[in-house]
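Q: Next up is a structure, given as structure tokens.
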Protein chains: 2
Amino acid sequence: MERIGRKEREFKAHRKEILEAAERLFARKGFFPTTMSEIAEEAEFGTGTLYKFFKSKEDLYFTLINEKVEEINHLVRAELRQKGSVIERIKKILELQFQFTEKNRDFFRIYISERSRFEWNVKEDLGKGVHNKMVSYIRLLAQVMKEGIRKGELKSISPFDLAHALVGIVNSFIFEWIISPKPYSLISKVDTVLEIFLNGTQRIERRK
Amino acid sequence: MERIGRKEREFKAHRKEILEAAERLFARKGFFPTTMSEIAEEAEFGTGTLYKFFKSKEDLYFTLINEKVEEINHLVRAELRQKGSVIERIKKILELQFQFTEKNRDFFRIYISERSRFEWNVKEDLGKGVHNKMVSYIRLLAQVMKEGIRKGELKSISPFDLAHALVGIVNSFIFEWIISPKPYSLISKVDTVLEIFLNGTQRIERRK
DNA sequence: ATTAAAAATGAATTATTATTCAAAAAATGA
DNA sequence: TCATTTTTTGAATAATAATTCATTTTTAAT
């Protein structure tokens with residue numbers, strides 16, 4: 001099924017090569033300082049060719065981001081559909097997220113610069129898409145938190161506050177991992193993150 | 001003491017007006033889309049005049065950020081010098097941070113877009129300054145966490161991990177507050193943040 | 001009031017780069 | 001092979017905006 005011709009296959013392959021070249025450059029220098037000619041050169045195409053695949057530099061940039069965000073969102077949603085306690089699912093999401101981040105370091109350099117930027121809200125649409133996915137991701141997490149509260153697994157705190165706290169901790173660990181000059185395993189931090197998020201950081205008195 | 005002449009006083013006043021105009025525009029549109037002419041118009045000066053105060057657009061931008069970061073760092077350091085339990089001081093820092101954020105909404109729109117951007121590492125110096133202050137702020141917090149562990153107030157978790165977790169939660173709440181269309185008090189979130197950070201989110205079993 | 005010094009101005013300069021498009025190259029098929 | 005269509009190309013175009021600086025305006029001094 002899905003028999004597609006050589007032409008289409010090649011088109012997709014070229015498109016992918018361009019996206020990957022762009023990913024490397026955007027990760028290294030950011031959006032504005034990266035030029036279309038540089039991307040073309042990196043991808044071994046002529047400058048004009050890029051415009052056969054993407055109608056503008058911004059289109060290329062946001063296509064890149066959106067496709068990857070879609071990918072991770074997909075993984076997370078699939079996980080959340082599983083049975084199991086809320087806490088188990090939260091742990092699984094952390095593992096997924098950190099694993100995906102390790103496999104996509106370049107992308108995350110771009111993404112974490114992007115997600116807290118407001119510049120795009122001006123130019124409608126393109127930037128909005130990324131922002132909306134962020135919001136819907138939080139909403140999804142809040143949903144899970146709510147379930148956890150209902151089931152008595154989590155404390156009665158506003159589910160959105162819980163979601164923001166978790167996302168905050170995760171982002172902070174990802175950021176640190178990205179900028180760290182010494183490479184280390186991000187996945188090894190899952191337990192620490194979970195411990196802090198679930199049980200807090202205050203030492204518990206042994207006895208009264 | 002410190003008798004300064006009218007000339008110098010006016011120079012400083014003009015400089016401040018330019019910085020404030022720039023703050024408003026950068027907060028609204030971000031660095032690249034904001035032009036020097038726009039800033040000049042907003043501040044009611046000629047374009048060329050800006051260059052009497054700042055040697056480039058980047059200089060203006062980073063001066064703005066650095067001065068404000070300096071200000072908050074100063075407040076935090078002063079607080080940390082106080083006596084009292086580590087947990088009390090952490091609470092005080094949260095209050096300071098959230099209060100400062102509420103009073104400087106425009107600035108924080110700029111700052112949270114800036115702090116996770118890598119574009120500047122290229123252009124040496126200017127961007128580096130902001131980054132360094134961030135790092136030294138984390139180091140300071142880690143110091144406090146270490147003290148908390150030594151005194152038995154906090155669990156034995158890597159002090160840097162503790163610092164990153166706290167900063168992550170705080171940033172996440174600040175971000176949410178900035179983008180929220182409905183205004184609300186950020187300071188009212190101090191207790192929630194503290195509760196999550198210290199005691200975690202997992203419901204504790206009443207009895208075995 | 002007159003002149004000299006200082007400050008402010010914004011039009012002109014310069015540099016940069018996204019995008020286009022006429023020409024060249026490659027693929028197709030008769 | 002050769003004519004036709006499709007794809008690629010990168011030099012030329014056009015737009016933008018940071019920065020400069022000759023000129024104007026303001027201030028200070030006599």
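A note on labels: chains of the structure tokens are A, B, ... as shown, every chain counts residues from 1, and ligands are counted from 1 in their shown order.
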Using only C-alpha atoms (C1' of nucleotides), select each residue of chain D with any atom at most 10 Å away from an atom of chain B, and give the selection as a list in words.
A: DA17, DA18, DT19, DT20 and DC21 of chain D
Q: Can you write out the residues you just picked, keeping N, CA and C atoms (P, O5', C5', C4', C3', O3' and C1' of nucleotides), as a PDB file, in the first residue's frame?
A:
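The resulting out01.pdb:
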ATOM      1  P    DA D  17      12.989  47.174   8.648  1.00  0.00           P
ATOM      2  O5'  DA D  17      14.422  47.586   9.149  1.00  0.00           O
ATOM      3  C5'  DA D  17      15.443  46.606   9.208  1.00  0.00           C
ATOM      4  C4'  DA D  17      16.744  47.299   9.507  1.00  0.00           C
ATOM      5  C3'  DA D  17      16.617  48.477  10.482  1.00  0.00           C
ATOM      6  O3'  DA D  17      17.808  48.513  11.218  1.00  0.00           O
ATOM      7  C1'  DA D  17      17.547  49.240   8.537  1.00  0.00           C
ATOM      8  P    DA D  18      17.793  48.865  12.763  1.00  0.00           P
ATOM      9  O5'  DA D  18      19.346  48.916  13.094  1.00  0.00           O
ATOM     10  C5'  DA D  18      20.169  47.803  12.796  1.00  0.00           C
ATOM     11  C4'  DA D  18      21.551  48.288  12.416  1.00  0.00           C
ATOM     12  C3'  DA D  18      22.165  49.287  13.397  1.00  0.00           C
ATOM     13  O3'  DA D  18      23.552  48.982  13.530  1.00  0.00           O
ATOM     14  C1'  DA D  18      21.996  50.282  11.258  1.00  0.00           C
ATOM     15  P    DT D  19      24.400  49.676  14.660  1.00  0.00           P
ATOM     16  O5'  DT D  19      25.038  50.928  13.914  1.00  0.00           O
ATOM     17  C5'  DT D  19      25.882  50.675  12.787  1.00  0.00           C
ATOM     18  C4'  DT D  19      26.155  51.966  12.064  1.00  0.00           C
ATOM     19  C3'  DT D  19      26.685  53.119  12.927  1.00  0.00           C
ATOM     20  O3'  DT D  19      27.991  53.394  12.458  1.00  0.00           O
ATOM     21  C1'  DT D  19      25.090  53.873  11.343  1.00  0.00           C
ATOM     22  P    DT D  20      28.871  54.549  13.180  1.00  0.00           P
ATOM     23  O5'  DT D  20      28.831  55.692  12.068  1.00  0.00           O
ATOM     24  C5'  DT D  20      29.071  55.331  10.718  1.00  0.00           C
ATOM     25  C4'  DT D  20      28.872  56.537   9.828  1.00  0.00           C
ATOM     26  C3'  DT D  20      29.585  57.810  10.308  1.00  0.00           C
ATOM     27  O3'  DT D  20      30.133  58.412   9.151  1.00  0.00           O
ATOM     28  C1'  DT D  20      27.297  58.266  10.019  1.00  0.00           C
ATOM     29  P    DC D  21      31.425  59.292   9.238  1.00  0.00           P
ATOM     30  O5'  DC D  21      30.862  60.732   8.839  1.00  0.00           O
ATOM     31  C5'  DC D  21      29.913  60.848   7.762  1.00  0.00           C
ATOM     32  C4'  DC D  21      29.274  62.223   7.825  1.00  0.00           C
ATOM     33  C3'  DC D  21      30.116  63.277   8.559  1.00  0.00           C
ATOM     34  O3'  DC D  21      29.918  64.515   7.919  1.00  0.00           O
ATOM     35  C1'  DC D  21      28.037  63.102   9.594  1.00  0.00           C
TER      36       DC D  21
END
Q: Residues of chain B within 12 Å of chain C, counting only C-alpha atoms (C1' of nucleotides), what are they? List them as a list of chain:residue names.
A: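 Every residue of chain B that passes the 12 Å test is in B:Lys7, B:Glu10, B:Phe11, B:Ser37, B:Ala40, B:Glu41, B:Glu44, B:Phe45, B:Gly46, B:Thr47, B:Gly48, B:Thr49, B:Leu50, B:Tyr51, B:Lys52.
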Q: Write the residues you've just listed into a file as a CSV table (one decimal), in the first residue's frame, and include C-alpha atoms for each of them.
A:
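Final file, again-v2.csv:
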chain,number,residue,atom,x,y,z
B,7,LYS,CA,24.5,68.8,32.5
B,10,GLU,CA,20.2,65.9,32.1
B,11,PHE,CA,22.4,63.4,30.4
B,37,SER,CA,14.2,55.0,14.4
B,40,ALA,CA,14.1,57.3,18.7
B,41,GLU,CA,10.6,58.4,17.9
B,44,GLU,CA,11.2,61.8,21.2
B,45,PHE,CA,14.8,62.1,20.0
B,46,GLY,CA,16.4,62.1,16.6
B,47,THR,CA,17.8,58.8,15.4
B,48,GLY,CA,21.4,60.0,15.5
B,49,THR,CA,21.0,61.1,19.1
B,50,LEU,CA,20.7,57.5,20.3
B,51,TYR,CA,24.3,57.0,19.2
B,52,LYS,CA,25.5,59.7,21.6
Q: Pull out every residue of chain A that has at least one atom within 9 Å of chain B, counting only C-alpha atoms, and report them as a ChimeraX atom specification.
A: /A:27-33,87,109-110,112-122,149,152-157,161-162,164-173,175-176,192-193,195-204
Q: Which of region 24-90 of chain B counts as alpha helix (DSSP H) under DSSP, as a PDB file with N, CA and C atoms, in the first residue's frame please?
A:
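Result written to part-v1.pdb:
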ATOM      1  N   ARG B  24       9.960  49.399  26.303  1.00  0.00           N
ATOM      2  CA  ARG B  24       8.581  49.213  25.849  1.00  0.00           C
ATOM      3  C   ARG B  24       8.533  48.542  24.484  1.00  0.00           C
ATOM      4  N   LEU B  25       9.362  49.015  23.573  1.00  0.00           N
ATOM      5  CA  LEU B  25       9.304  48.477  22.214  1.00  0.00           C
ATOM      6  C   LEU B  25       9.875  47.064  22.129  1.00  0.00           C
ATOM      7  N   PHE B  26      11.004  46.831  22.758  1.00  0.00           N
ATOM      8  CA  PHE B  26      11.584  45.494  22.734  1.00  0.00           C
ATOM      9  C   PHE B  26      10.620  44.491  23.370  1.00  0.00           C
ATOM     10  N   ALA B  27       9.926  44.916  24.416  1.00  0.00           N
ATOM     11  CA  ALA B  27       8.975  44.004  25.065  1.00  0.00           C
ATOM     12  C   ALA B  27       7.839  43.667  24.112  1.00  0.00           C
ATOM     13  N   ARG B  28       7.433  44.650  23.335  1.00  0.00           N
ATOM     14  CA  ARG B  28       6.310  44.432  22.421  1.00  0.00           C
ATOM     15  C   ARG B  28       6.705  43.609  21.201  1.00  0.00           C
ATOM     16  N   LYS B  29       7.893  43.892  20.621  1.00  0.00           N
ATOM     17  CA  LYS B  29       8.199  43.282  19.330  1.00  0.00           C
ATOM     18  C   LYS B  29       9.468  42.450  19.269  1.00  0.00           C
ATOM     19  N   MET B  36      15.914  51.258  15.304  1.00  0.00           N
ATOM     20  CA  MET B  36      16.456  52.390  16.046  1.00  0.00           C
ATOM     21  C   MET B  36      15.593  53.636  15.835  1.00  0.00           C
ATOM     22  N   SER B  37      15.060  53.804  14.631  1.00  0.00           N
ATOM     23  CA  SER B  37      14.208  54.975  14.374  1.00  0.00           C
ATOM     24  C   SER B  37      12.955  54.921  15.239  1.00  0.00           C
ATOM     25  N   GLU B  38      12.394  53.744  15.377  1.00  0.00           N
ATOM     26  CA  GLU B  38      11.207  53.615  16.217  1.00  0.00           C
ATOM     27  C   GLU B  38      11.519  53.997  17.665  1.00  0.00           C
ATOM     28  N   ILE B  39      12.645  53.474  18.152  1.00  0.00           N
ATOM     29  CA  ILE B  39      13.027  53.801  19.527  1.00  0.00           C
ATOM     30  C   ILE B  39      13.219  55.305  19.674  1.00  0.00           C
ATOM     31  N   ALA B  40      13.895  55.896  18.681  1.00  0.00           N
ATOM     32  CA  ALA B  40      14.133  57.339  18.716  1.00  0.00           C
ATOM     33  C   ALA B  40      12.805  58.093  18.773  1.00  0.00           C
ATOM     34  N   GLU B  41      11.882  57.686  17.922  1.00  0.00           N
ATOM     35  CA  GLU B  41      10.592  58.374  17.902  1.00  0.00           C
ATOM     36  C   GLU B  41       9.871  58.222  19.240  1.00  0.00           C
ATOM     37  N   GLU B  42       9.829  56.991  19.737  1.00  0.00           N
ATOM     38  CA  GLU B  42       9.167  56.732  21.026  1.00  0.00           C
ATOM     39  C   GLU B  42       9.776  57.578  22.149  1.00  0.00           C
ATOM     40  N   ALA B  43      11.091  57.763  22.074  1.00  0.00           N
ATOM     41  CA  ALA B  43      11.769  58.526  23.138  1.00  0.00           C
ATOM     42  C   ALA B  43      11.786  60.021  22.833  1.00  0.00           C
ATOM     43  N   THR B  47      17.164  60.128  15.458  1.00  0.00           N
ATOM     44  CA  THR B  47      17.813  58.819  15.381  1.00  0.00           C
ATOM     45  C   THR B  47      19.274  58.901  15.795  1.00  0.00           C
ATOM     46  N   GLY B  48      19.952  59.891  15.264  1.00  0.00           N
ATOM     47  CA  GLY B  48      21.379  60.006  15.524  1.00  0.00           C
ATOM     48  C   GLY B  48      21.699  60.214  16.996  1.00  0.00           C
ATOM     49  N   THR B  49      20.765  60.808  17.701  1.00  0.00           N
ATOM     50  CA  THR B  49      21.001  61.109  19.121  1.00  0.00           C
ATOM     51  C   THR B  49      21.238  59.854  19.947  1.00  0.00           C
ATOM     52  N   LEU B  50      20.539  58.776  19.571  1.00  0.00           N
ATOM     53  CA  LEU B  50      20.703  57.540  20.331  1.00  0.00           C
ATOM     54  C   LEU B  50      22.167  57.135  20.383  1.00  0.00           C
ATOM     55  N   TYR B  51      22.888  57.438  19.304  1.00  0.00           N
ATOM     56  CA  TYR B  51      24.279  57.000  19.227  1.00  0.00           C
ATOM     57  C   TYR B  51      25.201  57.862  20.083  1.00  0.00           C
ATOM     58  N   LYS B  52      24.669  58.926  20.663  1.00  0.00           N
ATOM     59  CA  LYS B  52      25.459  59.690  21.613  1.00  0.00           C
ATOM     60  C   LYS B  52      25.460  58.960  22.968  1.00  0.00           C
ATOM     61  N   PHE B  53      24.468  58.076  23.128  1.00  0.00           N
ATOM     62  CA  PHE B  53      24.322  57.389  24.422  1.00  0.00           C
ATOM     63  C   PHE B  53      24.757  55.922  24.370  1.00  0.00           C
ATOM     64  N   LYS B  57      22.896  49.289  18.474  1.00  0.00           N
ATOM     65  CA  LYS B  57      21.600  48.781  18.896  1.00  0.00           C
ATOM     66  C   LYS B  57      21.787  47.671  19.937  1.00  0.00           C
ATOM     67  N   GLU B  58      22.757  46.822  19.682  1.00  0.00           N
ATOM     68  CA  GLU B  58      23.021  45.743  20.637  1.00  0.00           C
ATOM     69  C   GLU B  58      23.468  46.283  21.984  1.00  0.00           C
ATOM     70  N   ASP B  59      24.301  47.304  21.925  1.00  0.00           N
ATOM     71  CA  ASP B  59      24.771  47.902  23.169  1.00  0.00           C
ATOM     72  C   ASP B  59      23.581  48.405  23.976  1.00  0.00           C
ATOM     73  N   LEU B  60      22.679  49.098  23.316  1.00  0.00           N
ATOM     74  CA  LEU B  60      21.476  49.595  23.980  1.00  0.00           C
ATOM     75  C   LEU B  60      20.695  48.450  24.608  1.00  0.00           C
ATOM     76  N   TYR B  61      20.497  47.413  23.822  1.00  0.00           N
ATOM     77  CA  TYR B  61      19.709  46.260  24.269  1.00  0.00           C
ATOM     78  C   TYR B  61      20.315  45.600  25.503  1.00  0.00           C
ATOM     79  N   PHE B  62      21.591  45.323  25.439  1.00  0.00           N
ATOM     80  CA  PHE B  62      22.215  44.595  26.541  1.00  0.00           C
ATOM     81  C   PHE B  62      22.452  45.479  27.771  1.00  0.00           C
ATOM     82  N   THR B  63      22.631  46.765  27.528  1.00  0.00           N
ATOM     83  CA  THR B  63      22.724  47.677  28.662  1.00  0.00           C
ATOM     84  C   THR B  63      21.431  47.611  29.459  1.00  0.00           C
ATOM     85  N   LEU B  64      20.347  47.678  28.723  1.00  0.00           N
ATOM     86  CA  LEU B  64      19.017  47.579  29.323  1.00  0.00           C
ATOM     87  C   LEU B  64      18.883  46.327  30.172  1.00  0.00           C
ATOM     88  N   ILE B  65      19.198  45.203  29.581  1.00  0.00           N
ATOM     89  CA  ILE B  65      19.051  43.934  30.301  1.00  0.00           C
ATOM     90  C   ILE B  65      20.005  43.861  31.488  1.00  0.00           C
ATOM     91  N   ASN B  66      21.250  44.197  31.249  1.00  0.00           N
ATOM     92  CA  ASN B  66      22.241  44.077  32.317  1.00  0.00           C
ATOM     93  C   ASN B  66      21.911  44.922  33.530  1.00  0.00           C
ATOM     94  N   GLU B  67      21.460  46.129  33.296  1.00  0.00           N
ATOM     95  CA  GLU B  67      21.188  46.990  34.449  1.00  0.00           C
ATOM     96  C   GLU B  67      20.077  46.424  35.311  1.00  0.00           C
ATOM     97  N   LYS B  68      19.048  45.882  34.665  1.00  0.00           N
ATOM     98  CA  LYS B  68      17.931  45.317  35.436  1.00  0.00           C
ATOM     99  C   LYS B  68      18.341  44.017  36.145  1.00  0.00           C
ATOM    100  N   VAL B  69      19.114  43.196  35.465  1.00  0.00           N
ATOM    101  CA  VAL B  69      19.552  41.945  36.080  1.00  0.00           C
ATOM    102  C   VAL B  69      20.433  42.245  37.292  1.00  0.00           C
ATOM    103  N   GLU B  70      21.267  43.236  37.127  1.00  0.00           N
ATOM    104  CA  GLU B  70      22.113  43.697  38.227  1.00  0.00           C
ATOM    105  C   GLU B  70      21.252  44.049  39.431  1.00  0.00           C
ATOM    106  N   GLU B  71      20.185  44.765  39.155  1.00  0.00           N
ATOM    107  CA  GLU B  71      19.294  45.240  40.211  1.00  0.00           C
ATOM    108  C   GLU B  71      18.705  44.073  41.004  1.00  0.00           C
ATOM    109  N   ILE B  72      18.138  43.107  40.307  1.00  0.00           N
ATOM    110  CA  ILE B  72      17.522  41.980  41.006  1.00  0.00           C
ATOM    111  C   ILE B  72      18.572  41.123  41.708  1.00  0.00           C
ATOM    112  N   ASN B  73      19.712  40.935  41.059  1.00  0.00           N
ATOM    113  CA  ASN B  73      20.796  40.182  41.698  1.00  0.00           C
ATOM    114  C   ASN B  73      21.202  40.822  43.018  1.00  0.00           C
ATOM    115  N   HIS B  74      21.223  42.130  43.009  1.00  0.00           N
ATOM    116  CA  HIS B  74      21.607  42.880  44.190  1.00  0.00           C
ATOM    117  C   HIS B  74      20.639  42.609  45.332  1.00  0.00           C
ATOM    118  N   LEU B  75      19.356  42.680  45.015  1.00  0.00           N
ATOM    119  CA  LEU B  75      18.320  42.415  46.015  1.00  0.00           C
ATOM    120  C   LEU B  75      18.468  41.028  46.610  1.00  0.00           C
ATOM    121  N   VAL B  76      18.670  40.055  45.724  1.00  0.00           N
ATOM    122  CA  VAL B  76      18.756  38.673  46.178  1.00  0.00           C
ATOM    123  C   VAL B  76      19.985  38.471  47.061  1.00  0.00           C
ATOM    124  N   ARG B  77      21.103  39.005  46.617  1.00  0.00           N
ATOM    125  CA  ARG B  77      22.325  38.845  47.418  1.00  0.00           C
ATOM    126  C   ARG B  77      22.172  39.453  48.801  1.00  0.00           C
ATOM    127  N   ALA B  78      21.547  40.609  48.859  1.00  0.00           N
ATOM    128  CA  ALA B  78      21.326  41.270  50.150  1.00  0.00           C
ATOM    129  C   ALA B  78      20.503  40.355  51.048  1.00  0.00           C
ATOM    130  N   GLU B  79      19.476  39.778  50.469  1.00  0.00           N
ATOM    131  CA  GLU B  79      18.608  38.902  51.256  1.00  0.00           C
ATOM    132  C   GLU B  79      19.370  37.693  51.784  1.00  0.00           C
ATOM    133  N   LEU B  80      20.224  37.132  50.921  1.00  0.00           N
ATOM    134  CA  LEU B  80      20.919  35.911  51.312  1.00  0.00           C
ATOM    135  C   LEU B  80      21.924  36.141  52.433  1.00  0.00           C
ATOM    136  N   VAL B  86      17.553  28.343  56.140  1.00  0.00           N
ATOM    137  CA  VAL B  86      17.663  28.329  54.682  1.00  0.00           C
ATOM    138  C   VAL B  86      16.278  28.389  54.052  1.00  0.00           C
ATOM    139  N   ILE B  87      15.358  27.640  54.622  1.00  0.00           N
ATOM    140  CA  ILE B  87      14.006  27.621  54.060  1.00  0.00           C
ATOM    141  C   ILE B  87      13.340  28.986  54.136  1.00  0.00           C
ATOM    142  N   GLU B  88      13.561  29.672  55.226  1.00  0.00           N
ATOM    143  CA  GLU B  88      13.033  31.035  55.319  1.00  0.00           C
ATOM    144  C   GLU B  88      13.625  31.935  54.241  1.00  0.00           C
ATOM    145  N   ARG B  89      14.920  31.769  54.037  1.00  0.00           N
ATOM    146  CA  ARG B  89      15.555  32.618  53.018  1.00  0.00           C
ATOM    147  C   ARG B  89      15.069  32.285  51.611  1.00  0.00           C
ATOM    148  N   ILE B  90      14.831  31.003  51.361  1.00  0.00           N
ATOM    149  CA  ILE B  90      14.303  30.622  50.050  1.00  0.00           C
ATOM    150  C   ILE B  90      12.937  31.270  49.836  1.00  0.00           C
TER     151      ILE B  90
END
Q: Figure out the distance between CA of Val135 (chain A) and CA of Lys92 (chain A), please, to one decimal in Å.
A: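 Computed distance, CA of Lys92 (chain A) to CA of Val135 (chain A), equals 20.5 Å.
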Q: CA of Lys103 (chain A) and CA of Pro183 (chain A) are how many Å apart?
A: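 Interatomic distance here is 13.1 Å.
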